[in-house]
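Visitor: A single structure is presented below for examination.
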Amino acid sequence: MAEAQTEPRRPLPEITELTAPFWQATREGRLVMQRCRACGELVWCPRPSCVVCGGEELEWDQLSGRGTVYSFTIIRQLAGRGARAFEKDIPYVIAWVDLEEGPRYYTNIVDCPVDNVEIGMEVEVVFDPVSDDISLPKFKPRDA
Amino acid sequence: MSIRGKTAIVGIGETPVDRLGRRPGERRRTIPEYLTWAARLAMEDAGLTRKDFDGQGLAAIYTTNYLQPFWPEETASILGIAPALSMANANGGAATVSALGQAAAAIEAGLVERVLCVAASCTFVENHNGVEPRDVRDHEVPYGLMGANSGIALVMRRHMHQYGTTLDALGNIAVTARYHASLNPNSYLKKPMTLEDYKTSRMVADPVRLLDCVMPANGGKAFILTSAEKAASMPRKPVYLLGFGEQDNPSYGPRTHSDATIMGIKDAGARAFGMAGATPADMDFAELYDDYVVIELMQIEDLGFCEKGDTKFFESTDFSFKGTLPIQTGGGMINCGQPSTAGGMIHILEAVTQLRGDGGERQVANARTGIVTGLGGLPYGKNLGSTAVAILSNETGHSNG
C-alpha cells in the first residue's frame with residue numbers, strides 16, 4: 001500500500017462472566033472445557049447450559065491438550081474484514097483439531113512448516129500469549 | 001395442510017451489479033437506491049404498483065453490512081409502502097429462499113394476498129457493524145480467519161481427503177457456470193474459462209483458489225409472490241412453489257466428530273422433495289447457492305442427484321443447459337456477483353426466467369420444474385449453518401415424471 005498506515009490491531013476475544021474461567025485457564029497453560037454434570041458431555045463453545053441435555057450445572061474440566069488434525073487450510077492471501085492484522089503471518093495454517101476428548105477445535109498449527117501439515121497429524125496444545133489477558137490455544141506436532 | 005402449489009411468483013426484478021466504491025470517493029449507488037430500483041422492476045414485471053403493497057406483505061432481507069433492528073420498517077419507509085405484515089429474514093445467503101417459504105405460508109394462511117421480497121447491498125462501502133456470531137468472533141477470528149475462505153477451505157480439504165475429489169470434478173462445475181454466464185446478458189464475468197484456467201488459478205486459502213470464490217458486488221433483487229388463484233389473472237406466466245424445506249444448525253455423525261462434508265441441505269431437500277411429491281430425477285435444472293464451487297458439488301450429492309463422493313459423476317456429467325443435469329443456467333452468483341445477502345436471490349430469479357421460457361440462448365428445453373437453494377452462515381466448526389430449498393414449477397399440479 002502506498003499510503004502510510006498504522007499497524008492494525010489483532011482482533012481479540014471478549015472475556016465475559018461465562019468465558020472468564022476458560023481464559024483464566026489458558027493464561028495458566030491449561031486447556032479446559034465445560035462438562036455437564038447431568039449427562040457428562042463436553043460442551044464447546046462455552047454455553048449457559050448443556051446443548052445435549054439442557055442441564056444447567058456445567059463445570060470446567062481440564063483436557064489432555066492432545067488431538068489430531070481433521071482438516072486444515074494454508075492461508076496465502078488476505079480476505080475480508082480485519083484481515084490485514086495477519087498479513088505478516090502469511091503463509092499460516094488454520095486447522096480443525098479433533099481433541100482426544102471429542103470436541104473439534106478451530107486453531108492454528110504452529111512450530112511446523114506449512115507444507116508439512118497433513119490430515120491425521122497428531123498435535124498438542126501450546127499457548128500463545130497474544131495480550132496480557134489472552135493466551136490463545138494453538139497446536140504443534142506431537143513429535144516436534 | 002401443505003403450501004404445495006398454493007402460491008406463485010408473479011414478478012421478478014434484478015438491477016445490474018457493479019463493483020464501484022472500492023476506491024475512496026468513487027461514485028456509486030446506495031442500498032436505498034438499489035432497493036427501490038429492484039422493487040420497481042419486480043412491480044412493473046407483475047403489473048403492480050406501490051399502492052398494491054399497502055396492507056400487504058413485505059419480506060425484507062437483512063444485509064450483513066447494513067444491519068439494524070428495524071430493517072423491515074426502514075425498507076418500507078424507503079419504498080413508501082405500508083405493509084400489514086413484515087418479515088425480517090436474516091439467515092444470510094439462505095434468507096431469500098427461506099423468505100419464499102414463509103411468504104407462501106403467510107399467503108396460504110390468509111394474512112395477506114401478496115408479498116414483496118426485496119434485498120439489496122453495497123458490499124464495499126456501507127457501514128460494517130462487525131456483526132459476527134460470538135463463537136466465531138471469540139474462537140475463530142483471533143486465529144486469522146479470512147472471511148469465508150478459510151472455513152470453506154477446511155470443508156473442501158476434508159472433502160478431497162475423504163472422497164478423492166479432483167480439481168477436474170470441481171472444474172467441470174466452474175467451467176460450465178462460466179459458459180452459462182457468457183450466454184446471460186445480466187452476468188458480470190463473461191470471459192470464457194477453461195478447465196486449465198480453473199486448475200491453475202491463484203491459491204487464496206489452500207485448497208480454495210481464486211476461481212472457487214464468489215465476488216462481492218453492489219446490487220438489488222426482488223420477487224413478488226401471490227396466491228395461485230390470483231396469479232392466474234396476472235400478466236406473467238405464474239411460477240408455482242411446489243415444495244419448500246429448511247434446515248438450520250445441522251450436524252451429521254457423532255456429535256463431537258461430525259462429518260463436515262455433509263450439509264443440512266440433505267434434510268431441507270428431503271422436506272422440499274417430500275412436499276412437492278418429486279424426486280431429483282424430476283428436476284429439469286438446479287440453481288444452487290454458489291459461494292464456492294465445492295459447495296455446489298456437495299449440494300448435488302446431498303440433494304440426491306448422485307452418490308456421496310462420486311467424483312467420476314462430477315468429472316463426466318454435462319451440467320450445461322443442454323446436458324443431463326443443467327445447473328447454474330445463468331452463471332450463478334460466482335459469475336453474476338454477490339451483493340451480500342441479496343446475492344442468494346439470483347437463483348430464484350434464474351429459475352423463474354427458465355420456467356417462463358425467457359432463458360434466451362441458455363434456455364433449458366421444455367423446462368417445467370427446477371430446484372433452488374439458499375445457504376447461509378459459517379458457524380463455529382461446521383459447514384453452512386442455514387439451508388433452504390424450494391422446488392418451483394410452471395405447472396401447478398406437477399406430478400412425478
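If you're wondering about the labels, chains in the C-alpha cells are A, B, ... by order shown, residues count from 1 in each chain, ligands from 1 in order shown.
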Select residues of chain A: the criterion is any atom within 8 Å of an atom of chain B, counting only C-alpha atoms; output as a PyMOL selection string.

Guide: chain A and resi 10-14+45+70-81+83+86+94-96+98+102-108+119

Visitor: Skip A:Gln62 itself and residues of its chain fewer than 4 positions away, then list as an NGL selection string all residues within 7 Å of it, counting only C-alpha atoms.

Guide: :A and (30-33)

Visitor: What parts of stretch 41-130 of chain A does DSSP call strand (DSSP E)? I'd like the answer as a ChimeraX atom specification.

Guide: /A:42-43,58-62,66-75,92-99,104-109,122-129

Visitor: Contacts of B:Gly80 at 9 Å or less, counting only C-alpha atoms, minus same-chain residues fewer than 3 places along, as a PyMOL selection string?

Guide: chain B and resi 50-51+54+75-77

Visitor: List the spatial neighbours of stretch 218-235 of chain B as a PyMOL selection string - criterion: any atom at most 6 Å away, only C-alpha atoms, same-chain residues fewer than 2 positions off excluded.

Guide: chain B and resi 6-15+17-19+34-35+38-39+42+113-123+238+339

Visitor: Please identify which residues in stretch 213-350 of chain B DSSP calls alpha helix (DSSP H) from the backbone, and express them as a PDB file with C-alpha atoms, in the first residue's frame.

Guide:
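This went into selection_6.pdb:
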```pdb
ATOM      1  CA  ALA B 228     -52.097 -19.369  -7.197  1.00  0.00           C
ATOM      2  CA  GLU B 229     -55.663 -18.165  -7.600  1.00  0.00           C
ATOM      3  CA  LYS B 230     -54.664 -14.507  -8.013  1.00  0.00           C
ATOM      4  CA  ALA B 231     -51.673 -15.466 -10.142  1.00  0.00           C
ATOM      5  CA  ILE B 265     -29.387 -29.290   2.570  1.00  0.00           C
ATOM      6  CA  LYS B 266     -29.794 -33.062   2.835  1.00  0.00           C
ATOM      7  CA  ASP B 267     -32.737 -32.605   5.218  1.00  0.00           C
ATOM      8  CA  ALA B 268     -34.012 -29.341   3.743  1.00  0.00           C
ATOM      9  CA  GLY B 269     -34.025 -31.020   0.324  1.00  0.00           C
ATOM     10  CA  ALA B 270     -35.822 -34.131   1.581  1.00  0.00           C
ATOM     11  CA  ARG B 271     -38.557 -31.920   3.041  1.00  0.00           C
ATOM     12  CA  ALA B 272     -38.905 -29.923  -0.165  1.00  0.00           C
ATOM     13  CA  PHE B 273     -38.997 -33.034  -2.376  1.00  0.00           C
ATOM     14  CA  GLY B 274     -41.493 -34.615   0.025  1.00  0.00           C
ATOM     15  CA  MET B 275     -43.834 -31.636  -0.111  1.00  0.00           C
ATOM     16  CA  ALA B 276     -43.593 -31.424  -3.900  1.00  0.00           C
ATOM     17  CA  VAL B 293     -17.544 -24.299  -6.194  1.00  0.00           C
ATOM     18  CA  VAL B 294     -17.120 -27.153  -3.698  1.00  0.00           C
ATOM     19  CA  ILE B 295     -20.362 -26.127  -2.013  1.00  0.00           C
ATOM     20  CA  GLU B 296     -22.231 -26.638  -5.293  1.00  0.00           C
ATOM     21  CA  LEU B 297     -20.713 -30.101  -5.586  1.00  0.00           C
ATOM     22  CA  MET B 298     -21.700 -31.020  -2.034  1.00  0.00           C
ATOM     23  CA  GLN B 299     -25.277 -29.879  -2.622  1.00  0.00           C
ATOM     24  CA  ILE B 300     -25.592 -32.039  -5.739  1.00  0.00           C
ATOM     25  CA  GLU B 301     -24.528 -35.007  -3.585  1.00  0.00           C
ATOM     26  CA  ASP B 302     -26.642 -34.196  -0.548  1.00  0.00           C
ATOM     27  CA  THR B 311     -16.038 -37.979  -8.338  1.00  0.00           C
ATOM     28  CA  LYS B 312     -16.481 -39.686 -11.710  1.00  0.00           C
ATOM     29  CA  PHE B 313     -20.062 -38.362 -11.875  1.00  0.00           C
ATOM     30  CA  PHE B 314     -18.781 -34.817 -11.477  1.00  0.00           C
ATOM     31  CA  GLU B 315     -15.986 -35.296 -13.980  1.00  0.00           C
ATOM     32  CA  SER B 316     -18.230 -36.771 -16.680  1.00  0.00           C
ATOM     33  CA  GLY B 332     -24.723 -18.382 -10.789  1.00  0.00           C
ATOM     34  CA  MET B 333     -23.642 -15.915  -8.173  1.00  0.00           C
ATOM     35  CA  ILE B 334     -19.961 -16.674  -8.788  1.00  0.00           C
ATOM     36  CA  ASN B 335     -20.266 -15.135 -12.263  1.00  0.00           C
ATOM     37  CA  CYS B 336     -23.003 -12.577 -11.593  1.00  0.00           C
ATOM     38  CA  ILE B 346     -30.278 -14.778  -8.068  1.00  0.00           C
ATOM     39  CA  HIS B 347     -31.144 -18.472  -8.065  1.00  0.00           C
ATOM     40  CA  ILE B 348     -34.863 -17.830  -7.571  1.00  0.00           C
ATOM     41  CA  LEU B 349     -34.824 -15.223 -10.347  1.00  0.00           C
ATOM     42  CA  GLU B 350     -32.966 -17.501 -12.788  1.00  0.00           C
TER      43      GLU B 350
END
```

Visitor: Would you mind listing what lies within 10 Å of A:Phe22 as a PyMOL selection string, with only C-alpha atoms counted and same-chain residues fewer than 3 positions away left out?

Guide: chain A and resi 15-16+18-19+25-27+30-34+46+60-62+134

Visitor: Suppose we keep C-alpha atoms; can you now write the selection as a compact mmCIF listing (two decimals), in the first residue's frame?

Guide:
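Okay, this is what ended up in out-v7.txt:
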```
# COMPACT_ATOMS: atom_id res chain seq x y z
CA ILE A 15 -13.79 -12.02 28.25
CA THR A 16 -17.23 -12.40 29.86
CA LEU A 18 -19.26 -17.12 31.08
CA THR A 19 -15.86 -17.40 29.40
CA ALA A 25 -7.02 -21.43 32.47
CA THR A 26 -5.26 -20.69 29.17
CA ARG A 27 -3.22 -17.99 30.91
CA ARG A 30 -4.32 -25.35 30.76
CA LEU A 31 -7.00 -26.19 28.17
CA VAL A 32 -10.41 -26.56 29.82
CA MET A 33 -13.99 -27.01 28.63
CA GLN A 34 -17.38 -27.16 30.28
CA PRO A 46 -18.96 -22.08 26.06
CA TRP A 60 -14.82 -26.67 33.85
CA ASP A 61 -12.82 -29.81 33.16
CA GLN A 62 -9.17 -29.97 32.15
CA ILE A 134 -5.50 -13.67 26.40
```
